[in-house]
>>> print(open('protein.cif').read())   # mmCIF, C-alpha atoms
data_start
loop_
_atom_site.label_atom_id
_atom_site.label_comp_id
_atom_site.auth_asym_id
_atom_site.auth_seq_id
_atom_site.Cartn_x
_atom_site.Cartn_y
_atom_site.Cartn_z
CA ARG A 1 77.70 -18.04 -41.08
CA ILE A 2 77.12 -21.26 -43.03
CA ARG A 3 73.51 -20.27 -43.75
CA SER A 4 74.62 -16.83 -44.92
CA ARG A 5 77.24 -18.32 -47.24
CA LEU A 6 74.73 -20.79 -48.68
CA GLU A 7 72.31 -17.91 -49.27
CA ARG A 8 74.96 -15.98 -51.25
CA ILE A 9 75.87 -19.06 -53.30
CA LEU A 10 72.24 -19.73 -54.19
CA GLU A 11 71.65 -16.06 -55.02
CA ARG A 12 74.59 -16.17 -57.43
CA GLU A 13 73.28 -19.36 -59.05
CA THR A 14 69.89 -17.69 -59.51
CA VAL A 15 71.50 -14.71 -61.24
CA LEU A 16 73.42 -17.11 -63.51
CA LYS A 17 70.08 -18.84 -64.26
CA HIS A 18 71.29 -22.17 -62.89
CA ARG A 19 68.28 -22.28 -60.57
CA SER A 20 64.98 -20.48 -59.95
CA GLY A 21 62.46 -19.89 -57.20
CA ASP A 22 62.83 -18.75 -53.60
CA ASN A 23 66.19 -18.97 -51.91
CA PRO A 24 65.72 -21.74 -49.28
CA ALA A 25 68.67 -20.40 -47.27
CA ARG A 26 67.13 -16.96 -46.79
CA LEU A 27 66.92 -16.15 -43.09
CA THR A 28 63.16 -15.52 -43.03
CA LEU A 29 62.42 -18.85 -44.73
CA VAL A 30 64.77 -20.76 -42.45
CA LYS A 31 63.18 -19.22 -39.37
CA THR A 32 59.70 -20.06 -40.65
CA ALA A 33 60.70 -23.64 -41.42
CA LEU A 34 62.43 -24.29 -38.12
CA GLY A 35 60.08 -22.35 -35.89
CA LYS A 36 61.22 -20.86 -32.59
CA GLN A 37 64.38 -22.54 -31.39
CA SER A 38 65.47 -22.90 -27.80
CA VAL A 39 69.19 -22.20 -27.62
CA SER A 40 71.56 -21.42 -24.80
CA ALA A 41 73.59 -18.23 -24.92
CA ASN A 42 77.16 -18.76 -26.04
CA HIS A 43 78.89 -15.40 -25.91
CA LEU A 44 82.09 -14.93 -27.88
CA LYS A 45 85.16 -14.05 -25.87
CA ALA A 46 85.78 -10.31 -25.75
CA LEU A 47 88.68 -8.18 -24.60
CA PRO A 48 87.55 -5.79 -21.81
CA TYR A 49 87.25 -2.29 -23.26
CA THR A 50 89.70 -0.99 -20.67
CA GLU A 51 92.41 -3.09 -22.36
CA VAL A 52 91.63 -2.12 -25.95
CA GLY A 53 94.00 0.88 -25.97
CA ALA A 54 97.00 -1.22 -24.92
CA PHE A 55 96.11 -3.91 -27.45
CA MET A 56 95.77 -1.34 -30.24
CA ASN A 57 99.17 0.11 -29.32
CA ASP A 58 100.74 -3.35 -29.68
CA LEU A 59 98.77 -3.96 -32.88
CA LYS A 60 100.16 -0.83 -34.55
CA ALA A 61 103.65 -2.29 -34.17
CA GLN A 62 102.66 -5.32 -36.26
CA GLU A 63 103.38 -5.27 -39.98
CA GLY A 64 101.25 -6.62 -42.79
CA LEU A 65 97.74 -6.48 -44.18
CA GLY A 66 96.26 -8.68 -41.43
CA PRO A 67 97.11 -6.26 -38.59
CA MET A 68 95.88 -3.35 -40.70
CA ALA A 69 92.59 -5.16 -41.37
CA LEU A 70 92.20 -5.88 -37.67
CA GLN A 71 92.80 -2.23 -36.77
CA PHE A 72 90.22 -1.15 -39.33
CA THR A 73 87.67 -3.70 -38.10
CA ILE A 74 88.05 -2.61 -34.49
CA LEU A 75 87.79 1.09 -35.35
CA THR A 76 84.72 0.69 -37.56
CA VAL A 77 83.08 -1.93 -35.28
CA VAL A 78 81.84 -3.91 -38.27
CA ARG A 79 81.59 -7.67 -38.62
CA THR A 80 84.64 -9.54 -39.90
CA SER A 81 83.08 -10.47 -43.24
CA GLU A 82 81.92 -6.90 -43.82
CA ALA A 83 85.47 -5.59 -43.40
CA LEU A 84 87.28 -8.28 -45.38
CA ASN A 85 84.86 -8.06 -48.31
CA ALA A 86 84.99 -4.25 -48.46
CA GLU A 87 85.49 -3.00 -52.00
CA VAL A 88 87.30 0.19 -52.94
CA GLU A 89 84.30 1.58 -54.83
CA GLU A 90 82.26 1.55 -51.60
CA PHE A 91 84.40 4.34 -50.12
CA ASP A 92 84.03 8.11 -50.40
CA PRO A 93 87.52 9.26 -49.32
CA GLN A 94 86.65 12.96 -49.36
CA ARG A 95 83.64 12.65 -47.05
CA GLY A 96 85.06 9.78 -45.03
CA ILE A 97 82.07 7.50 -45.59
CA TRP A 98 82.05 3.78 -46.30
CA THR A 99 78.74 2.48 -47.69
CA ILE A 100 78.22 -1.25 -47.32
CA PRO A 101 75.61 -2.56 -49.80
CA PRO A 102 72.59 -4.45 -48.42
CA GLU A 103 73.62 -7.81 -49.87
CA ARG A 104 76.68 -7.84 -47.61
CA MET A 105 74.84 -6.84 -44.46
CA LYS A 106 73.30 -9.31 -42.02
CA ALA A 107 70.05 -7.31 -41.96
CA ARG A 108 70.11 -6.94 -45.77
CA LYS A 109 69.97 -3.15 -45.41
CA GLU A 110 72.51 -0.61 -46.68
CA HIS A 111 74.80 0.60 -43.90
CA ARG A 112 76.76 3.85 -43.98
CA VAL A 113 79.88 3.75 -41.81
CA PRO A 114 81.35 7.10 -40.71
CA LEU A 115 85.12 6.73 -40.72
CA SER A 116 87.13 8.17 -37.86
CA LYS A 117 90.35 10.00 -38.71
CA ARG A 118 92.47 6.88 -38.11
CA ALA A 119 90.09 4.57 -40.03
CA ARG A 120 90.12 7.03 -42.91
CA GLU A 121 93.93 7.05 -42.92
CA ILE A 122 93.98 3.26 -43.26
CA ALA A 123 91.36 3.24 -46.02
CA ASN A 124 93.01 6.08 -47.97
CA PHE A 125 96.44 4.44 -47.75
CA LEU A 126 95.09 1.18 -49.16
CA ILE A 127 93.07 2.96 -51.86
CA ASP A 128 96.12 4.99 -52.92
CA ASN A 129 98.11 1.73 -53.17
CA GLN A 130 95.26 -0.25 -54.69
CA THR A 131 96.17 -3.63 -56.18
CA SER A 132 92.66 -5.13 -56.22
CA ASN A 133 88.98 -4.24 -56.13
CA TYR A 134 89.09 -5.35 -52.49
CA LEU A 135 90.34 -2.95 -49.84
CA PHE A 136 92.09 -5.92 -48.22
CA PRO A 137 93.17 -8.14 -51.13
CA GLY A 138 94.07 -11.77 -50.60
CA ARG A 139 96.97 -13.73 -52.04
CA LYS A 140 94.81 -15.12 -54.83
CA ASP A 141 93.77 -12.74 -57.59
CA GLY A 142 90.20 -11.53 -57.25
CA GLN A 143 89.87 -12.81 -53.68
CA PRO A 144 89.71 -10.85 -50.41
CA LEU A 145 92.00 -11.41 -47.45
CA SER A 146 91.30 -14.70 -45.65
CA ASN A 147 89.18 -14.54 -42.52
CA MET A 148 92.07 -16.30 -40.78
CA ALA A 149 94.40 -13.32 -41.31
CA MET A 150 93.14 -11.40 -38.29
CA LEU A 151 93.09 -14.49 -36.07
CA SER A 152 96.65 -15.22 -37.15
CA THR A 153 97.60 -11.68 -36.13
CA ILE A 154 96.13 -12.20 -32.67
CA LYS A 155 97.99 -15.52 -32.41
CA ARG A 156 101.32 -13.92 -33.39
CA MET A 157 100.78 -11.35 -30.66
CA GLY A 158 100.53 -14.17 -28.13
CA ARG A 159 96.84 -13.56 -27.39
CA SER A 160 95.33 -16.62 -29.07
CA GLY A 161 92.23 -17.95 -27.33
CA GLU A 162 91.79 -14.90 -25.09
CA PHE A 163 89.22 -13.18 -27.32
CA THR A 164 87.75 -13.18 -30.82
CA VAL A 165 87.67 -10.47 -33.48
CA HIS A 166 83.90 -10.29 -33.14
CA GLY A 167 84.36 -9.71 -29.42
CA PHE A 168 85.57 -6.17 -30.11
CA ARG A 169 81.99 -5.28 -31.02
CA SER A 170 81.03 -6.28 -27.47
CA ALA A 171 83.93 -4.23 -26.09
CA PHE A 172 82.67 -1.21 -28.02
CA ARG A 173 79.10 -1.76 -26.80
CA ASP A 174 80.22 -1.96 -23.16
CA TRP A 175 82.38 1.15 -23.54
CA ALA A 176 79.57 3.14 -25.14
CA ALA A 177 77.15 2.16 -22.38
CA GLU A 178 79.52 2.72 -19.45
CA GLN A 179 81.75 5.58 -20.58
CA THR A 180 79.58 7.82 -22.80
CA ASN A 181 76.21 9.53 -22.61
CA TYR A 182 75.09 8.62 -26.11
CA PRO A 183 71.60 7.09 -26.34
CA ARG A 184 71.40 3.31 -26.68
CA ASP A 185 69.92 3.71 -30.17
CA VAL A 186 73.09 5.38 -31.43
CA ALA A 187 75.35 2.53 -30.27
CA GLU A 188 72.95 -0.03 -31.70
CA ALA A 189 72.95 1.84 -35.02
CA VAL A 190 76.76 1.72 -35.07
CA LEU A 191 76.55 -2.07 -34.70
CA ALA A 192 73.88 -2.18 -37.43
CA HIS A 193 71.53 -4.10 -35.16
CA THR A 194 67.95 -4.45 -36.34
CA ILE A 195 65.34 -2.54 -34.30
CA PRO A 196 63.32 -5.34 -32.64
CA ASP A 197 60.07 -3.37 -32.37
CA ALA A 198 58.21 -3.41 -35.71
CA VAL A 199 56.33 -0.16 -35.03
CA GLU A 200 59.48 1.73 -34.08
CA ARG A 201 61.23 0.25 -37.10
CA ALA A 202 58.47 1.50 -39.38
CA TYR A 203 58.75 5.07 -38.08
CA ARG A 204 62.57 5.25 -38.03
CA ARG A 205 63.63 7.10 -41.16
CA GLY A 206 67.16 8.31 -40.42
CA ASP A 207 70.29 6.36 -39.55
CA LEU A 208 71.61 8.71 -36.82
CA PHE A 209 74.65 9.28 -39.00
CA GLU A 210 75.88 12.55 -37.44
CA LYS A 211 75.70 11.19 -33.89
CA ARG A 212 77.32 7.95 -34.99
CA SER A 213 80.09 9.94 -36.62
CA ARG A 214 80.92 11.71 -33.37
CA LEU A 215 80.73 8.46 -31.41
CA MET A 216 83.08 6.69 -33.81
CA GLU A 217 85.66 9.46 -33.52
CA GLU A 218 85.49 9.24 -29.73
CA TRP A 219 85.88 5.46 -29.92
CA ALA A 220 88.98 5.91 -32.10
CA GLN A 221 90.40 8.38 -29.59
CA TYR A 222 89.71 5.95 -26.75
CA CYS A 223 91.42 3.15 -28.70
CA SER A 224 94.56 5.27 -28.93
CA VAL A 225 94.92 5.72 -25.15
CA ILE A 226 96.52 3.15 -22.86
CA THR A 227 94.58 3.09 -19.59
CA MET A 228 95.69 1.69 -16.28
CA PRO A 229 93.44 -0.68 -14.29
CA GLY A 230 90.67 1.30 -12.60
CA GLU A 231 91.43 4.45 -14.60
CA ILE A 232 88.52 6.22 -16.32
CA ILE A 233 89.09 8.34 -19.41
CA PRO A 234 86.35 11.02 -19.63
CA ILE A 235 84.91 11.61 -23.08
CA ARG A 236 83.23 14.96 -23.57
CA HIS A 237 80.63 15.47 -26.24
CA ARG A 238 77.44 17.25 -27.03
CA SER A 239 74.50 14.98 -27.62
#
>>> encode(input="protein.cif", output="structure tokens")
Amino acid sequence: RIRSRLERILERETVLKHRSGDNPARLTLVKTALGKQSVSANHLKALPYTEVGAFMNDLKAQEGLGPMALQFTILTVVRTSEALNAEVEEFDPQRGIWTIPPERMKARKEHRVPLSKRAREIANFLIDNQTSNYLFPGRKDGQPLSNMAMLSTIKRMGRSGEFTVHGFRSAFRDWAAEQTNYPRDVAEAVLAHTIPDAVERAYRRGDLFEKRSRLMEEWAQYCSVITMPGEIIPIRHRS
């Protein structure tokens, strides 16, 4: 996160002609400079997907922009920064599509997000009541909502330390793998993960948008149902 922020700062300074040359914080340059690093896995805490419906039900009872941002982030399965920095002009309300520009994506590639019915309702409500260029405006003019807003919401709900906002991406991934028949590639495309194989990446032209759209609607439906321990909610779809 620090490297990404430094990269954006240096990119801005280049545009303002305060500096020139390569951006030393760019991921490819950093990887080349550091070489292969040996790191231990440190997974972020995630809420089990079987508990997401109950959590979302409690979340809907919360008031304010923070809870709304958290709902939207969970439903769209994007990264926290991608949601909080969303700008109104990136949305197509009629088609229900949110297009995140490459400079705000981890992989530096444009990402189209199909909005489920509930996610579209949230976006349209905020657009209709627009007070800023940001979908989730912060208290300071021209600034987005703080990245602490969603964590504060979780804390107010008495769930602090149990899971992270980013952990909902893991919950979605587990749900997609265990409760649906969608191919792995579709779930990975929802998460905007880079295809590791260079050859496959070169031949992949589409973004599996239609399949992702159906999967996101099913995820939204699942998030609206409170399940009991051990209960399985069947999701029917045509692949």
>>> resolve_selection(input="protein.cif", expression="the PyMOL selection byres ((chain A and resi 167) around 10)", output="list in words")
His43, Leu44, Lys45, Ala46, Leu47, Pro48, Ile74, Val77, Arg79, Phe163, Thr164, Val165, His166, Phe168, Arg169, Ser170, Ala171, Phe172 and Arg173 of chain A
>>> atom_distance(input="protein.cif", atom1="atom CA of Val78 of chain A", atom2="atom CA of Thr32 of chain A")
27.5 Å
>>> residues_around(input="protein.cif", residues="segment 6-21 of chain A", least_positions_apart="6", cutoff="12 Å", atoms="all atoms listed in the file", output="PyMOL selection string")
chain A and resi 27-30+103-106+108
>>> residues_around(input="protein.cif", residues="Gly206 of chain A", least_positions_apart="6", cutoff="12 Å", atoms="only C-alpha atoms", output="PyMOL selection string")
chain A and resi 111-112+185-186+189+200+212
>>> write_last_selection(input="protein.cif", atoms="C-alpha atoms", output="PDB file, keeping the file's coordinate frame")
ATOM      1  CA  HIS A 111      74.800   0.600 -43.900  1.00  0.00           C
ATOM      2  CA  ARG A 112      76.760   3.850 -43.980  1.00  0.00           C
ATOM      3  CA  ASP A 185      69.920   3.710 -30.170  1.00  0.00           C
ATOM      4  CA  VAL A 186      73.090   5.380 -31.430  1.00  0.00           C
ATOM      5  CA  ALA A 189      72.950   1.840 -35.020  1.00  0.00           C
ATOM      6  CA  GLU A 200      59.480   1.730 -34.080  1.00  0.00           C
ATOM      7  CA  ARG A 212      77.320   7.950 -34.990  1.00  0.00           C
TER       8      ARG A 212
END
>>> closest_residue(input="protein.cif", among="A:Ala86, A:Ala107, A:Ala54, A:Val225", to="His193 of chain A", atoms="only C-alpha atoms")
A:Ala107
>>> build_atoms(input="protein.cif", residues="segment 145-169 of chain A", atoms="N, CA, C and O atoms", output="mmCIF file, in the frame of the given file")
data_model
loop_
_atom_site.group_PDB
_atom_site.id
_atom_site.type_symbol
_atom_site.label_atom_id
_atom_site.label_comp_id
_atom_site.auth_asym_id
_atom_site.auth_seq_id
_atom_site.Cartn_x
_atom_site.Cartn_y
_atom_site.Cartn_z
ATOM 1 N N LEU A 145 91.150 -10.847 -48.499
ATOM 2 C CA LEU A 145 92.000 -11.410 -47.450
ATOM 3 C C LEU A 145 91.244 -12.506 -46.706
ATOM 4 O O LEU A 145 90.049 -12.380 -46.446
ATOM 5 N N SER A 146 91.931 -13.582 -46.359
ATOM 6 C CA SER A 146 91.300 -14.700 -45.650
ATOM 7 C C SER A 146 90.804 -14.257 -44.281
ATOM 8 O O SER A 146 91.414 -13.405 -43.623
ATOM 9 N N ASN A 147 89.704 -14.878 -43.839
ATOM 10 C CA ASN A 147 89.180 -14.540 -42.520
ATOM 11 C C ASN A 147 90.073 -15.065 -41.398
ATOM 12 O O ASN A 147 89.838 -14.782 -40.226
ATOM 13 N N MET A 148 91.117 -15.823 -41.770
ATOM 14 C CA MET A 148 92.070 -16.300 -40.780
ATOM 15 C C MET A 148 93.189 -15.289 -40.534
ATOM 16 O O MET A 148 93.950 -15.429 -39.571
ATOM 17 N N ALA A 149 93.294 -14.283 -41.402
ATOM 18 C CA ALA A 149 94.400 -13.320 -41.310
ATOM 19 C C ALA A 149 94.397 -12.577 -39.981
ATOM 20 O O ALA A 149 95.452 -12.378 -39.366
ATOM 21 N N MET A 150 93.211 -12.158 -39.539
ATOM 22 C CA MET A 150 93.140 -11.400 -38.290
ATOM 23 C C MET A 150 93.359 -12.303 -37.084
ATOM 24 O O MET A 150 93.999 -11.904 -36.106
ATOM 25 N N LEU A 151 92.850 -13.538 -37.162
ATOM 26 C CA LEU A 151 93.090 -14.490 -36.070
ATOM 27 C C LEU A 151 94.568 -14.839 -35.975
ATOM 28 O O LEU A 151 95.108 -15.004 -34.877
ATOM 29 N N SER A 152 95.218 -14.936 -37.135
ATOM 30 C CA SER A 152 96.650 -15.220 -37.150
ATOM 31 C C SER A 152 97.436 -14.074 -36.514
ATOM 32 O O SER A 152 98.449 -14.298 -35.830
ATOM 33 N N THR A 153 96.958 -12.848 -36.736
ATOM 34 C CA THR A 153 97.600 -11.680 -36.130
ATOM 35 C C THR A 153 97.519 -11.751 -34.609
ATOM 36 O O THR A 153 98.507 -11.529 -33.896
ATOM 37 N N ILE A 154 96.332 -12.080 -34.120
ATOM 38 C CA ILE A 154 96.130 -12.200 -32.670
ATOM 39 C C ILE A 154 97.025 -13.304 -32.103
ATOM 40 O O ILE A 154 97.614 -13.160 -31.028
ATOM 41 N N LYS A 155 97.147 -14.399 -32.850
ATOM 42 C CA LYS A 155 97.990 -15.520 -32.410
ATOM 43 C C LYS A 155 99.449 -15.101 -32.348
ATOM 44 O O LYS A 155 100.169 -15.420 -31.388
ATOM 45 N N ARG A 156 99.930 -14.368 -33.363
ATOM 46 C CA ARG A 156 101.320 -13.920 -33.390
ATOM 47 C C ARG A 156 101.627 -12.977 -32.228
ATOM 48 O O ARG A 156 102.768 -12.896 -31.763
ATOM 49 N N MET A 157 100.600 -12.280 -31.771
ATOM 50 C CA MET A 157 100.780 -11.350 -30.660
ATOM 51 C C MET A 157 100.717 -12.061 -29.314
ATOM 52 O O MET A 157 100.782 -11.430 -28.259
ATOM 53 N N GLY A 158 100.555 -13.388 -29.356
ATOM 54 C CA GLY A 158 100.530 -14.170 -28.130
ATOM 55 C C GLY A 158 99.223 -14.078 -27.365
ATOM 56 O O GLY A 158 99.188 -14.353 -26.158
ATOM 57 N N ARG A 159 98.123 -13.731 -28.077
ATOM 58 C CA ARG A 159 96.840 -13.560 -27.390
ATOM 59 C C ARG A 159 95.806 -14.573 -27.877
ATOM 60 O O ARG A 159 94.614 -14.382 -27.667
ATOM 61 N N SER A 160 96.252 -15.627 -28.519
ATOM 62 C CA SER A 160 95.330 -16.620 -29.070
ATOM 63 C C SER A 160 94.464 -17.241 -27.990
ATOM 64 O O SER A 160 94.947 -17.627 -26.923
ATOM 65 N N GLY A 161 93.161 -17.334 -28.259
ATOM 66 C CA GLY A 161 92.230 -17.950 -27.330
ATOM 67 C C GLY A 161 91.678 -17.029 -26.273
ATOM 68 O O GLY A 161 90.709 -17.364 -25.589
ATOM 69 N N GLU A 162 92.263 -15.836 -26.126
ATOM 70 C CA GLU A 162 91.790 -14.900 -25.090
ATOM 71 C C GLU A 162 90.516 -14.184 -25.521
ATOM 72 O O GLU A 162 89.658 -13.877 -24.690
ATOM 73 N N PHE A 163 90.391 -13.900 -26.811
ATOM 74 C CA PHE A 163 89.220 -13.180 -27.320
ATOM 75 C C PHE A 163 89.121 -13.398 -28.824
ATOM 76 O O PHE A 163 90.062 -13.871 -29.462
ATOM 77 N N THR A 164 87.970 -13.052 -29.377
ATOM 78 C CA THR A 164 87.750 -13.180 -30.820
ATOM 79 C C THR A 164 87.701 -11.797 -31.448
ATOM 80 O O THR A 164 87.566 -10.784 -30.749
ATOM 81 N N VAL A 165 87.783 -11.752 -32.763
ATOM 82 C CA VAL A 165 87.670 -10.470 -33.480
ATOM 83 C C VAL A 165 86.283 -9.889 -33.257
ATOM 84 O O VAL A 165 86.123 -8.697 -32.990
ATOM 85 N N HIS A 166 85.273 -10.747 -33.335
ATOM 86 C CA HIS A 166 83.900 -10.290 -33.140
ATOM 87 C C HIS A 166 83.696 -9.716 -31.743
ATOM 88 O O HIS A 166 82.839 -8.857 -31.524
ATOM 89 N N GLY A 167 84.496 -10.173 -30.796
ATOM 90 C CA GLY A 167 84.360 -9.710 -29.420
ATOM 91 C C GLY A 167 84.631 -8.225 -29.245
ATOM 92 O O GLY A 167 84.197 -7.626 -28.249
ATOM 93 N N PHE A 168 85.319 -7.601 -30.212
ATOM 94 C CA PHE A 168 85.570 -6.170 -30.110
ATOM 95 C C PHE A 168 84.282 -5.360 -30.285
ATOM 96 O O PHE A 168 84.196 -4.222 -29.833
ATOM 97 N N ARG A 169 83.289 -5.949 -30.930
ATOM 98 C CA ARG A 169 81.990 -5.280 -31.020
ATOM 99 C C ARG A 169 81.351 -5.211 -29.631
ATOM 100 O O ARG A 169 80.721 -4.211 -29.273
#
